[in-house]
$ cat my_file-v9.cif   # mmCIF, C-alpha atoms
data_work
#
loop_
_atom_site.label_atom_id
_atom_site.label_comp_id
_atom_site.auth_asym_id
_atom_site.auth_seq_id
_atom_site.Cartn_x
_atom_site.Cartn_y
_atom_site.Cartn_z
CA MET A 165 0.00 0.00 0.00
CA ALA A 166 1.19 3.49 -0.81
CA THR A 167 0.73 6.72 1.08
CA TRP A 168 -0.65 9.68 -0.87
CA SER A 169 2.83 11.07 -1.45
CA GLU A 170 4.23 7.72 -2.65
CA PHE A 171 1.33 7.37 -5.08
CA SER A 172 1.69 10.98 -6.16
CA ALA A 173 5.43 10.56 -6.87
CA GLN A 174 4.70 7.58 -9.12
CA ALA A 175 1.65 8.95 -10.91
CA PRO A 176 1.87 12.73 -10.70
CA GLU A 177 -0.67 13.50 -13.42
CA ILE A 178 -3.38 11.32 -11.91
CA ALA A 179 -2.66 12.67 -8.42
CA ARG A 180 -2.82 16.26 -9.66
CA LEU A 181 -6.35 15.79 -11.01
CA GLY A 182 -7.37 14.13 -7.75
CA GLU A 183 -5.90 16.91 -5.66
CA ALA A 184 -7.55 19.58 -7.85
CA LEU A 185 -11.00 17.98 -7.44
CA ARG A 186 -10.44 17.43 -3.72
CA ALA A 187 -9.39 21.02 -3.20
CA LYS A 188 -12.23 22.41 -5.32
CA PHE A 189 -15.09 20.73 -3.48
CA GLY A 190 -13.70 19.60 -0.14
CA LEU A 191 -16.17 16.72 -0.41
CA ALA A 192 -15.87 13.24 -1.84
CA PHE A 193 -17.83 9.99 -1.58
CA LEU A 194 -16.48 7.17 0.55
CA THR A 195 -17.73 3.65 -0.10
CA THR A 196 -17.33 0.85 2.42
CA VAL A 197 -18.91 -2.56 2.95
CA ARG A 198 -21.20 -3.19 5.91
CA ARG A 199 -20.88 -6.28 7.99
CA ASP A 200 -23.90 -7.81 6.22
CA GLY A 201 -21.98 -7.47 2.94
CA SER A 202 -24.06 -4.64 1.47
CA PRO A 203 -22.46 -1.41 0.29
CA ARG A 204 -22.47 1.93 2.11
CA ILE A 205 -21.71 5.33 0.62
CA HIS A 206 -21.34 8.63 2.44
CA PRO A 207 -19.96 12.05 1.69
CA VAL A 208 -16.69 12.73 3.54
CA CYS A 209 -14.05 15.46 3.59
CA PRO A 210 -10.69 13.85 2.75
CA PHE A 211 -7.54 15.81 3.51
CA ILE A 212 -3.80 15.40 3.19
CA VAL A 213 -1.38 16.01 6.04
CA ARG A 214 2.35 15.39 5.62
CA GLY A 215 1.78 13.42 2.42
CA ARG A 216 -0.83 11.07 3.88
CA LEU A 217 -4.54 10.85 3.14
CA PHE A 218 -7.01 11.02 6.03
CA VAL A 219 -10.67 11.35 6.81
CA ALA A 220 -11.90 12.45 10.23
CA THR A 221 -15.03 10.47 11.11
CA SER A 222 -17.61 11.27 13.72
CA PRO A 223 -17.36 8.86 16.68
CA ASP A 224 -20.96 7.74 16.11
CA SER A 225 -20.68 7.22 12.34
CA PRO A 226 -21.70 3.69 11.33
CA LYS A 227 -18.84 3.55 8.83
CA ARG A 228 -16.39 3.13 11.69
CA HIS A 229 -17.73 -0.42 12.12
CA ASP A 230 -17.33 -1.11 8.41
CA LEU A 231 -13.73 0.08 8.33
CA ARG A 232 -12.68 -1.68 11.51
CA HIS A 233 -14.16 -4.88 10.14
CA ASP A 234 -12.87 -4.58 6.56
CA GLY A 235 -10.67 -1.63 5.65
CA ARG A 236 -11.28 -1.89 1.90
CA TYR A 237 -12.62 1.38 0.58
CA VAL A 238 -13.08 3.47 -2.52
CA ILE A 239 -13.02 7.26 -2.39
CA HIS A 240 -14.50 9.01 -5.41
CA MET A 241 -14.14 12.76 -5.81
CA LEU A 242 -17.02 14.89 -7.09
CA PRO A 243 -17.00 15.32 -10.85
CA GLY A 244 -15.16 18.25 -12.39
CA GLU A 245 -15.34 19.84 -15.81
CA ASN A 246 -16.13 17.43 -18.66
CA ASP A 247 -17.17 14.95 -15.99
CA ALA A 248 -13.56 14.63 -14.81
CA GLU A 249 -13.36 11.72 -12.42
CA PHE A 250 -10.89 10.56 -9.84
CA GLN A 251 -10.95 7.66 -7.45
CA VAL A 252 -8.59 5.84 -5.16
CA ARG A 253 -8.98 2.37 -3.75
CA GLY A 254 -7.08 0.65 -0.97
CA ARG A 255 -7.30 -0.03 2.73
CA ALA A 256 -8.15 2.28 5.60
CA ARG A 257 -6.51 1.96 9.00
CA GLU A 258 -7.64 3.64 12.16
CA VAL A 259 -5.02 5.95 13.64
CA THR A 260 -5.04 5.55 17.39
CA ASP A 261 -1.68 6.78 18.63
CA ASP A 262 -2.11 10.10 20.37
CA GLU A 263 0.88 11.81 18.83
CA THR A 264 -0.20 11.22 15.24
CA ARG A 265 -3.82 12.05 16.07
CA THR A 266 -2.85 15.33 17.66
CA THR A 267 -0.62 16.35 14.75
CA VAL A 268 -3.09 15.39 12.06
CA LEU A 269 -6.13 16.93 13.74
CA ALA A 270 -4.18 20.15 14.35
CA GLU A 271 -2.79 20.34 10.82
CA GLY A 272 -5.93 19.05 9.13
CA PRO A 273 -8.56 21.25 7.54
CA VAL A 274 -10.38 23.97 9.35
CA ALA A 275 -13.85 22.57 10.00
CA GLY A 276 -15.53 25.94 10.28
CA VAL A 277 -15.57 29.22 12.13
CA GLN A 278 -16.15 29.77 15.83
CA PRO A 279 -18.61 32.44 17.03
CA ASP A 280 -15.70 34.82 17.75
CA GLY A 281 -14.40 34.40 14.19
CA ALA A 282 -11.51 32.11 15.14
CA PRO A 283 -10.96 29.03 12.99
CA LEU A 284 -12.58 25.85 14.22
CA ASN A 285 -10.22 22.91 14.01
CA LEU A 286 -11.29 19.32 13.87
CA SER A 287 -12.68 18.09 17.16
CA PRO A 288 -10.35 15.98 19.32
CA TYR A 289 -13.23 13.50 19.56
CA GLU A 290 -13.16 12.68 15.86
CA LEU A 291 -12.02 9.23 14.86
CA LEU A 292 -9.18 9.31 12.39
CA PHE A 293 -8.59 6.87 9.57
CA GLU A 294 -5.68 6.89 7.18
CA TYR A 295 -6.37 5.72 3.63
CA ASP A 296 -3.57 3.73 2.03
CA ILE A 297 -3.69 3.55 -1.73
CA GLN A 298 -3.46 0.51 -3.95
CA GLU A 299 -4.99 1.82 -7.13
CA ALA A 300 -6.03 5.17 -8.59
CA LEU A 301 -8.10 6.04 -11.63
CA SER A 302 -8.60 9.35 -13.34
CA GLY A 303 -10.69 10.15 -16.36
CA TYR A 304 -12.61 12.74 -18.24
CA TRP A 305 -15.16 12.49 -21.01
CA GLU A 306 -14.87 13.68 -24.59
CA ASN A 307 -18.05 14.84 -26.40
CA VAL A 308 -20.09 15.01 -23.19
CA GLY A 309 -23.83 14.61 -23.85
CA GLN A 310 -23.27 13.39 -27.43
CA PRO A 311 -23.97 9.87 -28.68
CA ASP A 312 -20.25 9.29 -29.27
CA THR A 313 -19.11 10.42 -25.82
CA TYR A 314 -16.20 8.35 -24.53
CA PRO A 315 -13.92 8.43 -21.50
CA VAL A 316 -10.17 9.04 -21.51
CA ARG A 317 -8.84 7.11 -18.53
CA GLN A 318 -5.55 6.75 -16.72
CA ARG A 319 -4.80 4.16 -14.11
CA TRP A 320 -2.10 3.61 -11.54
CA ARG A 321 -1.67 0.45 -9.58
CA GLU A 322 0.82 -0.30 -6.89
CA ASP A 323 3.48 -2.77 -7.98
CA ARG A 324 2.65 -6.18 -6.71
CA LYS A 325 5.69 -7.59 -4.99
CA MET B 9 -39.33 -3.40 -1.88
CA ALA B 10 -40.94 -0.19 -3.05
CA THR B 11 -40.84 1.37 -6.50
CA TRP B 12 -39.89 5.04 -6.71
CA ALA B 13 -43.61 5.92 -6.89
CA ASP B 14 -44.47 3.79 -3.81
CA PHE B 15 -41.64 5.39 -1.87
CA SER B 16 -42.57 8.83 -3.10
CA ASN B 17 -46.18 8.39 -1.93
CA ALA B 18 -45.06 7.11 1.45
CA ALA B 19 -42.38 9.79 2.05
CA PRO B 20 -43.13 12.72 -0.27
CA GLU B 21 -40.80 15.21 1.41
CA ILE B 22 -37.76 12.93 1.26
CA ALA B 23 -38.50 11.93 -2.34
CA ALA B 24 -38.94 15.57 -3.36
CA LEU B 25 -35.47 16.47 -2.06
CA GLY B 26 -33.99 13.47 -3.87
CA LEU B 27 -35.69 14.39 -7.11
CA LYS B 28 -34.55 17.99 -6.81
CA GLN B 29 -30.91 16.95 -6.35
CA VAL B 30 -31.05 14.49 -9.21
CA GLU B 31 -32.74 16.95 -11.58
CA LYS B 32 -30.21 19.62 -10.69
CA PHE B 33 -27.08 17.56 -11.32
CA HIS B 34 -28.27 14.56 -13.41
CA ILE B 35 -25.65 12.57 -11.56
CA ALA B 36 -25.70 10.49 -8.40
CA TYR B 37 -23.24 7.97 -6.93
CA LEU B 38 -24.00 4.28 -6.98
CA ALA B 39 -22.25 1.90 -4.59
CA THR B 40 -22.14 -1.84 -5.26
CA VAL B 41 -20.01 -4.72 -3.97
CA ARG B 42 -17.48 -6.51 -6.18
CA LYS B 43 -17.10 -10.25 -6.44
CA ASP B 44 -14.10 -10.13 -4.08
CA GLY B 45 -16.21 -8.34 -1.46
CA ALA B 46 -14.58 -4.92 -1.89
CA PRO B 47 -16.77 -1.87 -2.46
CA ARG B 48 -17.21 -0.14 -5.80
CA VAL B 49 -18.60 3.33 -6.51
CA HIS B 50 -19.43 5.03 -9.79
CA PRO B 51 -21.24 8.16 -10.85
CA ILE B 52 -24.44 7.28 -12.71
CA SER B 53 -27.40 9.13 -14.25
CA PRO B 54 -30.69 8.06 -12.65
CA ILE B 55 -33.77 7.88 -14.87
CA ILE B 56 -37.34 7.94 -13.58
CA ALA B 57 -39.86 6.37 -15.97
CA ASP B 58 -43.46 5.44 -15.12
CA GLY B 59 -42.79 5.90 -11.41
CA ARG B 60 -39.81 3.57 -11.37
CA LEU B 61 -36.12 4.28 -10.92
CA TYR B 62 -33.63 3.03 -13.49
CA VAL B 63 -30.01 3.35 -14.54
CA ALA B 64 -28.73 2.46 -18.01
CA THR B 65 -25.29 0.88 -17.63
CA SER B 66 -22.68 0.46 -20.32
CA PRO B 67 -22.25 -3.17 -21.43
CA THR B 68 -18.58 -2.96 -20.44
CA SER B 69 -19.11 -1.52 -16.96
CA PRO B 70 -17.92 -3.89 -14.24
CA LYS B 71 -20.75 -2.79 -11.94
CA ARG B 72 -23.36 -4.54 -14.09
CA LEU B 73 -21.99 -7.91 -12.97
CA ASP B 74 -21.85 -6.79 -9.32
CA GLN B 75 -25.56 -6.08 -9.53
CA VAL B 76 -26.46 -9.31 -11.25
CA ARG B 77 -24.60 -11.24 -8.53
CA ASP B 78 -25.82 -9.20 -5.55
CA GLY B 79 -28.43 -6.54 -6.20
CA ARG B 80 -27.86 -4.70 -2.93
CA TYR B 81 -26.99 -1.10 -3.66
CA MET B 82 -26.85 2.32 -2.10
CA MET B 83 -27.31 5.47 -4.15
CA HIS B 84 -26.33 8.92 -2.91
CA ALA B 85 -27.30 12.21 -4.53
CA LEU B 86 -24.79 15.01 -4.89
CA PRO B 87 -24.97 17.40 -1.94
CA GLY B 88 -27.22 20.45 -2.29
CA LYS B 89 -27.43 23.78 -0.56
CA ASN B 90 -26.34 23.52 3.08
CA ASP B 91 -24.92 20.08 2.28
CA ASP B 92 -28.44 18.62 1.89
CA GLU B 93 -28.10 14.88 1.68
CA PHE B 94 -30.26 12.21 0.12
CA TRP B 95 -29.68 8.51 -0.20
CA ILE B 96 -31.59 5.35 -0.91
CA ARG B 97 -30.76 1.74 -0.35
CA GLY B 98 -32.37 -1.41 -1.71
CA ARG B 99 -32.00 -3.96 -4.49
CA ALA B 100 -31.32 -3.60 -8.19
CA ARG B 101 -32.77 -5.97 -10.80
CA ARG B 102 -31.90 -6.16 -14.46
CA VAL B 103 -34.85 -5.53 -16.79
CA THR B 104 -34.80 -6.76 -20.35
CA ASP B 105 -38.33 -6.46 -21.72
CA ASP B 106 -38.74 -4.22 -24.76
CA ALA B 107 -41.58 -2.09 -23.38
CA THR B 108 -39.56 -1.11 -20.30
CA ARG B 109 -36.44 -0.44 -22.37
CA ALA B 110 -38.46 1.84 -24.65
CA ALA B 111 -40.00 3.73 -21.71
CA VAL B 112 -36.58 4.20 -20.07
CA THR B 113 -35.00 5.35 -23.32
CA ASP B 114 -37.81 7.89 -23.85
CA ALA B 115 -37.65 9.23 -20.29
CA ALA B 116 -33.86 9.59 -20.16
CA GLU B 117 -32.36 13.02 -20.69
CA HIS B 118 -29.17 11.43 -21.98
CA THR B 119 -28.70 8.88 -24.73
CA VAL B 120 -29.51 5.31 -23.77
CA ARG B 121 -27.74 2.96 -26.17
CA GLU B 122 -29.24 -0.28 -27.34
CA ALA B 123 -26.39 -2.24 -25.85
CA ASP B 124 -26.80 -0.67 -22.40
CA TRP B 125 -27.95 -2.89 -19.57
CA ILE B 126 -30.96 -1.45 -17.75
CA PHE B 127 -31.42 -1.97 -14.04
CA GLU B 128 -34.38 -1.03 -11.90
CA TYR B 129 -33.69 0.09 -8.34
CA ASP B 130 -36.23 -0.97 -5.73
CA ILE B 131 -36.15 0.99 -2.53
CA GLN B 132 -36.06 -0.33 1.00
CA GLU B 133 -34.77 2.65 2.92
CA ALA B 134 -34.22 6.36 2.31
CA MET B 135 -32.70 9.24 4.23
CA MET B 136 -32.55 12.99 3.82
CA ALA B 137 -30.62 15.46 5.92
CA TYR B 138 -30.36 19.19 6.16
CA TRP B 139 -27.40 20.58 8.06
CA ARG B 140 -28.04 23.35 10.54
CA ASN B 141 -25.37 25.98 11.31
CA VAL B 142 -23.00 24.80 8.59
CA GLY B 143 -19.37 25.64 9.42
CA GLN B 144 -20.23 26.51 13.03
CA PRO B 145 -19.12 24.60 16.11
CA ASP B 146 -22.69 23.39 16.72
CA THR B 147 -23.36 22.24 13.16
CA ARG B 148 -25.69 19.26 13.16
CA PRO B 149 -27.86 17.39 10.73
CA ALA B 150 -31.64 17.18 10.86
CA ARG B 151 -32.26 13.74 9.46
CA GLU B 152 -35.41 12.04 8.30
CA PHE B 153 -35.56 8.33 7.54
CA TRP B 154 -38.06 6.26 5.67
CA ARG B 155 -38.07 2.53 5.80
CA GLU B 156 -40.35 0.17 3.99
#
$ encode --input "my_file-v9.cif" --output "C-alpha cells"
Amino acid sequence: MATWSEFSAQAPEIARLGEALRAKFGLAFLTTVRRDGSPRIHPVCPFIVRGRLFVATSPDSPKRHDLRHDGRYVIHMLPGENDAEFQVRGRAREVTDDETRTTVLAEGPVAGVQPDGAPLNLSPYELLFEYDIQEALSGYWENVGQPDTYPVRQRWREDRK
Amino acid sequence: MATWADFSNAAPEIAALGLKQVEKFHIAYLATVRKDGAPRVHPISPIIADGRLYVATSPTSPKRLDQVRDGRYMMHALPGKNDDEFWIRGRARRVTDDATRAAVTDAAEHTVREADWIFEYDIQEAMMAYWRNVGQPDTRPAREFWRE
C-alpha cells in the first residue's frame, strides 16, 4: 500500500487531477462494505497532512464499524469539468496513537468558524482513519452529452511484490 | 421493496429532495459490492420512468456484474445547498423487456444505447438530511428516515 505522497510521486498527473478535485469541493464519496456485505456510501471530507490521506469520522458514524471490520474502501471525488473523475482504492486503518492524532487533527482542515471568528479545528473527539492507496483512476469524457461520448482514462496500480 | 412511486407516496418530502438533487445535477453515486467483497462506486445518471427508478449501464461496466450477482446497492445524490443529503438503499434488478427499455429510453435526458444494460432500483430505505449551522461549532444534521 502506498501513502498519498508515494502514489503521487509515481503517478503525478493522476494525483494532480485528484488533488484539484479534492481542493475544489472539499467533499468526496467514501464507499465501504457493511458487515452484512451490502455497500455503504457517504460524503466525507478527505484531507492530506504530511503526504498522507485522512478522513476524520464522527465517533458515532456507522462507517467506523465497516472500516474496523474490513478496511477496503473506494473514495470518489465529485465530478469536475467534462465529468472529470478521480478515485482511489485501498485499505483504511484507524489511527489511534495520540501523537499522530494530535498532529493530524491540528494540521488538518479547518472545519468551520467559531462564534468569535476564530478558525474551528477538527474536534479531538473525531475518529481518524488513514487511507492507504493501492490503485487510482482518473478520467474525463470527450463529447459530453453526445452519442459518441467516450472516456479518456488513466490508471495507476501499486506494484505487486 | 418499493418502487420510486411507492416510496414517493409514502415519504413525499424525502423523495422531493432526492428528485430535486437528481434533476439539478443529473448525476448520483452508486455503490455496489465486487465479487471479491470490496466496495465499488461510480457516478451514474438516474432515470425515472413510469414511477420507477432506473439506470442504463454500459455493457462494459464492471458494476453490471456486481448487480447481477448481488443486487444490494446504495445510491447517494450530490450534496445540495447547506450540504443537503439524500440517499436510498435497496435492491437492483436487471430488466430486459422491450416495453420497459423503450420507456426508459424515452424518459432519459441522456442517450440510452441499445447495448446498455438497464437496471431497476427498488427501494427499502431512504434518508434525507439538512445541516443546521454549517461551518459553526454546533453544526448538526436534521435527518429524516423512511423505511419500507
$ residues_around --input "my_file-v9.cif" --residues "Ser169 of chain A" --least-positions-apart "4" --cutoff "8 Å" --atoms "only C-alpha atoms" --output "MDAnalysis selection string"
chainID A and resid 173 215:216
$ closest_residue --input "my_file-v9.cif" --among "B:Tyr129, B:Phe33, B:Phe153, B:Tyr138" --to "Ala10 of chain B" --atoms "all atoms listed in the file"
B:Tyr129
$ residues_near_point --input "my_file-v9.cif" --point "(-31.0, 10.0, -11.6)" --cutoff "10 Å" --atoms "all atoms listed in the file" --output "JSON, numbers by chain"
{"B": [26, 27, 28, 29, 30, 31, 32, 33, 34, 35, 36, 37, 51, 52, 53, 54, 55, 56, 61, 62, 63, 83, 84, 85, 116, 117]}
$ residues_around --input "my_file-v9.cif" --residues "Cys209 of chain A" --least-positions-apart "3" --cutoff "9 Å" --atoms "only C-alpha atoms" --output "PyMOL selection string"
chain A and resi 186+189-193+218-220+273
$ interface_residues --input "my_file-v9.cif" --of "chain A" --to "chain B" --cutoff "10 Å" --atoms "all atoms listed in the file" --output "number ranges by chain"
A: 191-198, 201-207, 234-243, 247, 249, 251, 253-255, 274-279, 281, 283-287, 308-313
